[in-house]
Amino acid sequence: MPIALFAQSDTPDPGLDTVVESLRSMGESTLALLPRLGVGLVVIVVGWLVSGLVRRLLTPRLAALRTPSFGQVFATLGAVAVRVLAVFVALAVVFPSVDVATLLAGMGVLGIAAGFAFQDILSNLLAGILLIFRQPFVSGDQIEVNEITGTVEGITIRETRLTTYDGRLVVVPNQDVYTSAITVQTAHDVVRSSFVTGVGYDSDLDQVRDLTLARLAEIDGVLDEPAPQAYFTEHGTSAIVLDVRYWTGSRQAEIRRVQDRVVQVLFDAYNDAGIDMPFDVLTLDADERFGQAVRGNAPGTD
């Protein structure tokens, strides 16, 4: 019985032969794949190097056509396109039996799934590309969006960076910028400002208007064209309201500097000319209990 068992153990095992044959086949396939794998890696490396060269060449040229942000973003997109192309070429070299159309279809399905998973990120990406392409504003412009005012420091494919007038950095997602109303203060070289004041009812209105326009013309920063304007707009509680309008440069610092001079110059001019600038007059219509309280003999008091 032991001799029979020993003899039986010397017989070849079909399962073991199958494993050995599979390992040998895998080894031969790997050896055959190595040259194509090496070529594929070379293609990817070359693609990465070419993409960097494309980015360096496109950035200054595109920036010269539009803006630095435009050049940077679209040069980056061009570099990414070169890298993606290099990856597809490498896959075709390493796996020649793979159908490129099928691979693209699979990538499309994967892209749709990624779109649902990263909806906000892709929305900001697309909004950033549209903002940079359409350019409703550029770096250096002063804008207001979502009640945030400041100077545009830069536009990337994800966010718009603003420095507020008090020196704080605000990062606004491009999706919020693209879908909101934007006021571009520096879109034009000049903007109109207004200043509301009041003069007494006994004032000579023609004199007030002539004096106002004459003093405005003397202020540095107030433009001659369009010319300043002064309109009496309403009868106030204690004064006749005067709406003073003038044009200046569109930068925020220029607007504030000129506004300071306008307020000061008109105040001095009215005082020198003896023109009254009265405060609002309030009339109190008090009942009897209020009068008693003032006299100190309200009911219930000692």
# chains A, B, ... in the order shown; residues from 1 in each chain; ligands from 1
>>> select_by_dssp(residues="segment 40-271 of chain A", states="strand (DSSP E)", output="ChimeraX atom specification")
/A:142-145,148-155,159-164,169-173,182-184,190-199,229-235,240-249
>>> write_last_selection(atoms="C-alpha atoms", output="mmCIF file, in the first residue's frame")
data_model
loop_
_atom_site.group_PDB
_atom_site.id
_atom_site.type_symbol
_atom_site.label_atom_id
_atom_site.label_comp_id
_atom_site.auth_asym_id
_atom_site.auth_seq_id
_atom_site.Cartn_x
_atom_site.Cartn_y
_atom_site.Cartn_z
ATOM 1 C CA GLN A 142 -12.331 98.264 -10.245
ATOM 2 C CA ILE A 143 -15.647 96.422 -10.078
ATOM 3 C CA GLU A 144 -18.611 95.656 -7.853
ATOM 4 C CA VAL A 145 -20.092 92.164 -7.759
ATOM 5 C CA ILE A 148 -18.237 93.453 -3.042
ATOM 6 C CA THR A 149 -16.204 96.341 -4.454
ATOM 7 C CA GLY A 150 -12.511 96.350 -5.168
ATOM 8 C CA THR A 151 -9.694 96.093 -7.682
ATOM 9 C CA VAL A 152 -9.338 92.903 -9.738
ATOM 10 C CA GLU A 153 -6.001 91.295 -8.910
ATOM 11 C CA GLY A 154 -6.379 88.299 -11.197
ATOM 12 C CA ILE A 155 -8.752 85.905 -12.923
ATOM 13 C CA GLU A 159 -11.927 82.179 -9.016
ATOM 14 C CA THR A 160 -11.684 85.939 -9.341
ATOM 15 C CA ARG A 161 -9.424 87.664 -6.806
ATOM 16 C CA LEU A 162 -10.385 91.162 -5.602
ATOM 17 C CA THR A 163 -8.567 93.545 -3.283
ATOM 18 C CA THR A 164 -11.134 95.750 -1.559
ATOM 19 C CA LEU A 169 -8.326 90.124 -0.383
ATOM 20 C CA VAL A 170 -11.644 88.561 -1.436
ATOM 21 C CA VAL A 171 -11.777 85.378 -3.531
ATOM 22 C CA VAL A 172 -15.060 85.072 -5.443
ATOM 23 C CA PRO A 173 -15.965 81.812 -7.257
ATOM 24 C CA ILE A 182 -21.229 93.318 -12.483
ATOM 25 C CA THR A 183 -20.552 97.043 -12.254
ATOM 26 C CA VAL A 184 -17.208 97.848 -13.899
ATOM 27 C CA VAL A 190 -14.563 109.162 -16.720
ATOM 28 C CA VAL A 191 -17.559 108.785 -14.416
ATOM 29 C CA ARG A 192 -20.111 111.196 -12.967
ATOM 30 C CA SER A 193 -20.411 111.922 -9.272
ATOM 31 C CA SER A 194 -23.058 113.951 -7.466
ATOM 32 C CA PHE A 195 -23.214 116.000 -4.309
ATOM 33 C CA VAL A 196 -26.487 117.088 -2.678
ATOM 34 C CA THR A 197 -26.677 120.217 -0.547
ATOM 35 C CA GLY A 198 -29.305 122.777 0.448
ATOM 36 C CA VAL A 199 -29.638 126.548 0.621
ATOM 37 C CA GLN A 229 -24.263 120.785 -13.705
ATOM 38 C CA ALA A 230 -26.318 122.151 -10.812
ATOM 39 C CA TYR A 231 -30.060 121.514 -10.494
ATOM 40 C CA PHE A 232 -32.537 122.539 -7.811
ATOM 41 C CA THR A 233 -34.542 119.382 -7.242
ATOM 42 C CA GLU A 234 -37.063 119.956 -4.427
ATOM 43 C CA HIS A 235 -38.348 122.110 -1.599
ATOM 44 C CA ILE A 240 -34.113 124.191 -1.280
ATOM 45 C CA VAL A 241 -32.214 121.069 -2.351
ATOM 46 C CA LEU A 242 -29.400 121.515 -4.884
ATOM 47 C CA ASP A 243 -28.067 118.504 -6.822
ATOM 48 C CA VAL A 244 -24.489 119.181 -7.976
ATOM 49 C CA ARG A 245 -23.141 116.880 -10.706
ATOM 50 C CA TYR A 246 -19.612 116.729 -12.083
ATOM 51 C CA TRP A 247 -17.309 114.331 -13.965
ATOM 52 C CA THR A 248 -13.938 112.954 -12.864
ATOM 53 C CA GLY A 249 -11.558 110.105 -13.615
#
>>> residues_around(residues="Asn124 of chain A", least_positions_apart="2", cutoff="7 Å", atoms="only C-alpha atoms", output="mmCIF file with all heavy atoms, in the first residue's frame")
data_model
loop_
_atom_site.group_PDB
_atom_site.id
_atom_site.type_symbol
_atom_site.label_atom_id
_atom_site.label_comp_id
_atom_site.auth_asym_id
_atom_site.auth_seq_id
_atom_site.Cartn_x
_atom_site.Cartn_y
_atom_site.Cartn_z
ATOM 1 N N ASP A 120 -19.851 71.663 -9.034
ATOM 2 C CA ASP A 120 -19.465 73.022 -8.663
ATOM 3 C C ASP A 120 -18.092 73.375 -9.219
ATOM 4 O O ASP A 120 -17.864 74.489 -9.724
ATOM 5 C CB ASP A 120 -19.474 73.183 -7.142
ATOM 6 C CG ASP A 120 -20.881 73.116 -6.564
ATOM 7 O OD1 ASP A 120 -21.834 73.350 -7.325
ATOM 8 O OD2 ASP A 120 -21.005 72.817 -5.363
ATOM 9 N N ILE A 121 -17.153 72.419 -9.119
ATOM 10 C CA ILE A 121 -15.800 72.676 -9.615
ATOM 11 C C ILE A 121 -15.818 72.908 -11.119
ATOM 12 O O ILE A 121 -15.199 73.854 -11.633
ATOM 13 C CB ILE A 121 -14.867 71.510 -9.247
ATOM 14 C CG1 ILE A 121 -14.739 71.397 -7.728
ATOM 15 C CG2 ILE A 121 -13.501 71.682 -9.894
ATOM 16 C CD1 ILE A 121 -13.918 70.221 -7.264
ATOM 17 N N LEU A 122 -16.538 72.069 -11.845
ATOM 18 C CA LEU A 122 -16.598 72.224 -13.295
ATOM 19 C C LEU A 122 -17.358 73.484 -13.693
ATOM 20 O O LEU A 122 -17.030 74.123 -14.703
ATOM 21 C CB LEU A 122 -17.255 70.980 -13.913
ATOM 22 C CG LEU A 122 -16.454 69.684 -13.781
ATOM 23 C CD1 LEU A 122 -17.223 68.517 -14.397
ATOM 24 C CD2 LEU A 122 -15.090 69.820 -14.446
ATOM 25 N N LEU A 126 -15.742 76.256 -16.104
ATOM 26 C CA LEU A 126 -16.349 76.754 -17.339
ATOM 27 C C LEU A 126 -16.625 78.250 -17.248
ATOM 28 O O LEU A 126 -16.377 78.993 -18.213
ATOM 29 C CB LEU A 126 -17.650 75.992 -17.606
ATOM 30 C CG LEU A 126 -18.421 76.402 -18.874
ATOM 31 C CD1 LEU A 126 -17.555 76.216 -20.106
ATOM 32 C CD2 LEU A 126 -19.710 75.593 -18.992
ATOM 33 N N ALA A 127 -17.114 78.712 -16.095
ATOM 34 C CA ALA A 127 -17.372 80.143 -15.927
ATOM 35 C C ALA A 127 -16.085 80.945 -16.037
ATOM 36 O O ALA A 127 -16.067 82.036 -16.623
ATOM 37 C CB ALA A 127 -18.044 80.403 -14.577
ATOM 38 N N GLY A 128 -14.985 80.412 -15.497
ATOM 39 C CA GLY A 128 -13.709 81.106 -15.603
ATOM 40 C C GLY A 128 -13.240 81.222 -17.041
ATOM 41 O O GLY A 128 -12.741 82.274 -17.468
ATOM 42 N N ARG A 158 -10.652 79.195 -11.824
ATOM 43 C CA ARG A 158 -11.490 78.781 -10.696
ATOM 44 C C ARG A 158 -12.124 79.960 -9.971
ATOM 45 O O ARG A 158 -13.261 79.883 -9.550
ATOM 46 C CB ARG A 158 -10.672 77.945 -9.698
ATOM 47 C CG ARG A 158 -10.275 76.600 -10.207
ATOM 48 C CD ARG A 158 -9.540 75.808 -9.151
ATOM 49 N NE ARG A 158 -8.312 76.465 -8.751
ATOM 50 C CZ ARG A 158 -7.137 76.295 -9.346
ATOM 51 N NH1 ARG A 158 -7.050 75.484 -10.386
ATOM 52 N NH2 ARG A 158 -6.060 76.940 -8.943
ATOM 53 N N PRO A 173 -15.869 82.878 -6.248
ATOM 54 C CA PRO A 173 -15.965 81.812 -7.257
ATOM 55 C C PRO A 173 -16.449 82.361 -8.595
ATOM 56 O O PRO A 173 -17.330 83.230 -8.648
ATOM 57 C CB PRO A 173 -16.985 80.840 -6.646
ATOM 58 C CG PRO A 173 -16.949 81.109 -5.179
ATOM 59 C CD PRO A 173 -16.666 82.581 -5.040
ATOM 60 N N ASN A 174 -15.858 81.865 -9.667
ATOM 61 C CA ASN A 174 -16.200 82.382 -10.991
ATOM 62 C C ASN A 174 -17.666 82.175 -11.339
ATOM 63 O O ASN A 174 -18.252 82.974 -12.079
ATOM 64 C CB ASN A 174 -15.324 81.713 -12.056
ATOM 65 C CG ASN A 174 -13.928 82.286 -12.073
ATOM 66 O OD1 ASN A 174 -13.716 83.445 -11.742
ATOM 67 N ND2 ASN A 174 -12.958 81.470 -12.444
ATOM 68 N N GLN A 175 -18.275 81.114 -10.831
ATOM 69 C CA GLN A 175 -19.686 80.876 -11.115
ATOM 70 C C GLN A 175 -20.541 82.016 -10.557
ATOM 71 O O GLN A 175 -21.486 82.480 -11.215
ATOM 72 C CB GLN A 175 -20.128 79.548 -10.511
ATOM 73 C CG GLN A 175 -21.579 79.182 -10.812
ATOM 74 C CD GLN A 175 -21.987 77.858 -10.189
ATOM 75 O OE1 GLN A 175 -21.213 77.243 -9.469
ATOM 76 N NE2 GLN A 175 -23.188 77.411 -10.468
#
>>> residues_around(residues="segment 258-273 of chain A", least_positions_apart="3", cutoff="9 Å", atoms="only C-alpha atoms", output="ChimeraX atom specification")
/A:193-195,199,208,211-212,215-216,219-222,248,253-255,276-277
>>> atom_distance(atom1="atom CA of Arg251 of chain A", atom2="atom CA of Leu130 of chain A")
25.9 Å
>>> atom_distance(atom1="atom CA of Gln72 of chain A", atom2="atom CA of His188 of chain A")
25.4 Å
>>> residues_around(residues="segment 48-59 of chain A", least_positions_apart="5", cutoff="10 Å", atoms="only C-alpha atoms", output="PDB file with N, CA and C atoms, in the first residue's frame")
ATOM      1  N   VAL A  42       8.185  56.855 -23.329  1.00  0.00           N
ATOM      2  CA  VAL A  42       8.910  57.915 -24.050  1.00  0.00           C
ATOM      3  C   VAL A  42       7.930  58.915 -24.662  1.00  0.00           C
ATOM      4  N   VAL A  43       6.827  58.403 -25.221  1.00  0.00           N
ATOM      5  CA  VAL A  43       5.820  59.287 -25.812  1.00  0.00           C
ATOM      6  C   VAL A  43       5.236  60.225 -24.747  1.00  0.00           C
ATOM      7  N   ALA A  64      -0.313  89.062 -25.335  1.00  0.00           N
ATOM      8  CA  ALA A  64      -0.196  90.261 -26.166  1.00  0.00           C
ATOM      9  C   ALA A  64      -1.478  90.515 -26.955  1.00  0.00           C
ATOM     10  N   THR A  67      -5.089  89.712 -22.713  1.00  0.00           N
ATOM     11  CA  THR A  67      -4.618  90.118 -21.387  1.00  0.00           C
ATOM     12  C   THR A  67      -3.717  89.016 -20.830  1.00  0.00           C
ATOM     13  N   PRO A  68      -2.924  89.317 -19.769  1.00  0.00           N
ATOM     14  CA  PRO A  68      -2.101  88.267 -19.156  1.00  0.00           C
ATOM     15  C   PRO A  68      -2.914  87.068 -18.673  1.00  0.00           C
ATOM     16  N   SER A  69      -4.098  87.312 -18.077  1.00  0.00           N
ATOM     17  CA  SER A  69      -4.928  86.198 -17.614  1.00  0.00           C
ATOM     18  C   SER A  69      -5.376  85.336 -18.795  1.00  0.00           C
ATOM     19  N   PHE A  70      -5.756  85.976 -19.893  1.00  0.00           N
ATOM     20  CA  PHE A  70      -6.160  85.238 -21.085  1.00  0.00           C
ATOM     21  C   PHE A  70      -5.013  84.371 -21.584  1.00  0.00           C
ATOM     22  N   GLY A  71      -3.812  84.937 -21.654  1.00  0.00           N
ATOM     23  CA  GLY A  71      -2.672  84.172 -22.127  1.00  0.00           C
ATOM     24  C   GLY A  71      -2.335  83.006 -21.225  1.00  0.00           C
ATOM     25  N   GLN A  72      -2.368  83.229 -19.913  1.00  0.00           N
ATOM     26  CA  GLN A  72      -2.010  82.173 -18.977  1.00  0.00           C
ATOM     27  C   GLN A  72      -3.004  81.022 -19.012  1.00  0.00           C
ATOM     28  N   VAL A  73      -4.287  81.337 -18.988  1.00  0.00           N
ATOM     29  CA  VAL A  73      -5.302  80.284 -18.920  1.00  0.00           C
ATOM     30  C   VAL A  73      -5.363  79.487 -20.209  1.00  0.00           C
ATOM     31  N   PHE A  74      -5.419  80.158 -21.360  1.00  0.00           N
ATOM     32  CA  PHE A  74      -5.566  79.419 -22.606  1.00  0.00           C
ATOM     33  C   PHE A  74      -4.266  78.724 -23.019  1.00  0.00           C
ATOM     34  N   ALA A  75      -3.121  79.232 -22.610  1.00  0.00           N
ATOM     35  CA  ALA A  75      -1.876  78.502 -22.829  1.00  0.00           C
ATOM     36  C   ALA A  75      -1.851  77.232 -21.979  1.00  0.00           C
ATOM     37  N   THR A  76      -2.380  77.323 -20.762  1.00  0.00           N
ATOM     38  CA  THR A  76      -2.474  76.129 -19.912  1.00  0.00           C
ATOM     39  C   THR A  76      -3.407  75.093 -20.516  1.00  0.00           C
ATOM     40  N   LEU A  77      -4.552  75.541 -21.041  1.00  0.00           N
ATOM     41  CA  LEU A  77      -5.469  74.604 -21.689  1.00  0.00           C
ATOM     42  C   LEU A  77      -4.818  73.947 -22.911  1.00  0.00           C
ATOM     43  N   GLY A  78      -4.033  74.706 -23.663  1.00  0.00           N
ATOM     44  CA  GLY A  78      -3.316  74.115 -24.799  1.00  0.00           C
ATOM     45  C   GLY A  78      -2.318  73.067 -24.342  1.00  0.00           C
ATOM     46  N   ALA A  79      -1.608  73.338 -23.242  1.00  0.00           N
ATOM     47  CA  ALA A  79      -0.654  72.371 -22.715  1.00  0.00           C
ATOM     48  C   ALA A  79      -1.357  71.103 -22.238  1.00  0.00           C
ATOM     49  N   VAL A  80      -2.519  71.269 -21.594  1.00  0.00           N
ATOM     50  CA  VAL A  80      -3.280  70.098 -21.146  1.00  0.00           C
ATOM     51  C   VAL A  80      -3.745  69.268 -22.340  1.00  0.00           C
ATOM     52  N   ALA A  81      -4.163  69.924 -23.414  1.00  0.00           N
ATOM     53  CA  ALA A  81      -4.580  69.186 -24.616  1.00  0.00           C
ATOM     54  C   ALA A  81      -3.431  68.372 -25.186  1.00  0.00           C
ATOM     55  N   VAL A  82      -2.211  68.912 -25.186  1.00  0.00           N
ATOM     56  CA  VAL A  82      -1.045  68.171 -25.682  1.00  0.00           C
ATOM     57  C   VAL A  82      -0.778  66.964 -24.798  1.00  0.00           C
ATOM     58  N   ARG A  83      -0.908  67.104 -23.501  1.00  0.00           N
ATOM     59  CA  ARG A  83      -0.666  65.976 -22.592  1.00  0.00           C
ATOM     60  C   ARG A  83      -1.705  64.880 -22.776  1.00  0.00           C
ATOM     61  N   VAL A  84      -2.965  65.268 -22.914  1.00  0.00           N
ATOM     62  CA  VAL A  84      -4.011  64.263 -23.150  1.00  0.00           C
ATOM     63  C   VAL A  84      -3.756  63.522 -24.448  1.00  0.00           C
ATOM     64  N   ALA A  86      -0.877  63.015 -25.826  1.00  0.00           N
ATOM     65  CA  ALA A  86       0.271  62.131 -25.605  1.00  0.00           C
ATOM     66  C   ALA A  86      -0.149  60.851 -24.888  1.00  0.00           C
ATOM     67  N   VAL A  87      -1.062  60.960 -23.932  1.00  0.00           N
ATOM     68  CA  VAL A  87      -1.538  59.769 -23.211  1.00  0.00           C
ATOM     69  C   VAL A  87      -2.283  58.830 -24.156  1.00  0.00           C
TER      70      VAL A  87
END
>>> closest_residue(among="A:Glu147, A:Ile129, A:Gln207, A:Val138", to="Tyr178 of chain A", atoms="only C-alpha atoms")
A:Ile129
>>> atom_distance(atom1="atom CA of Thr179 of chain A", atom2="atom CA of Ser250 of chain A")
24.6 Å
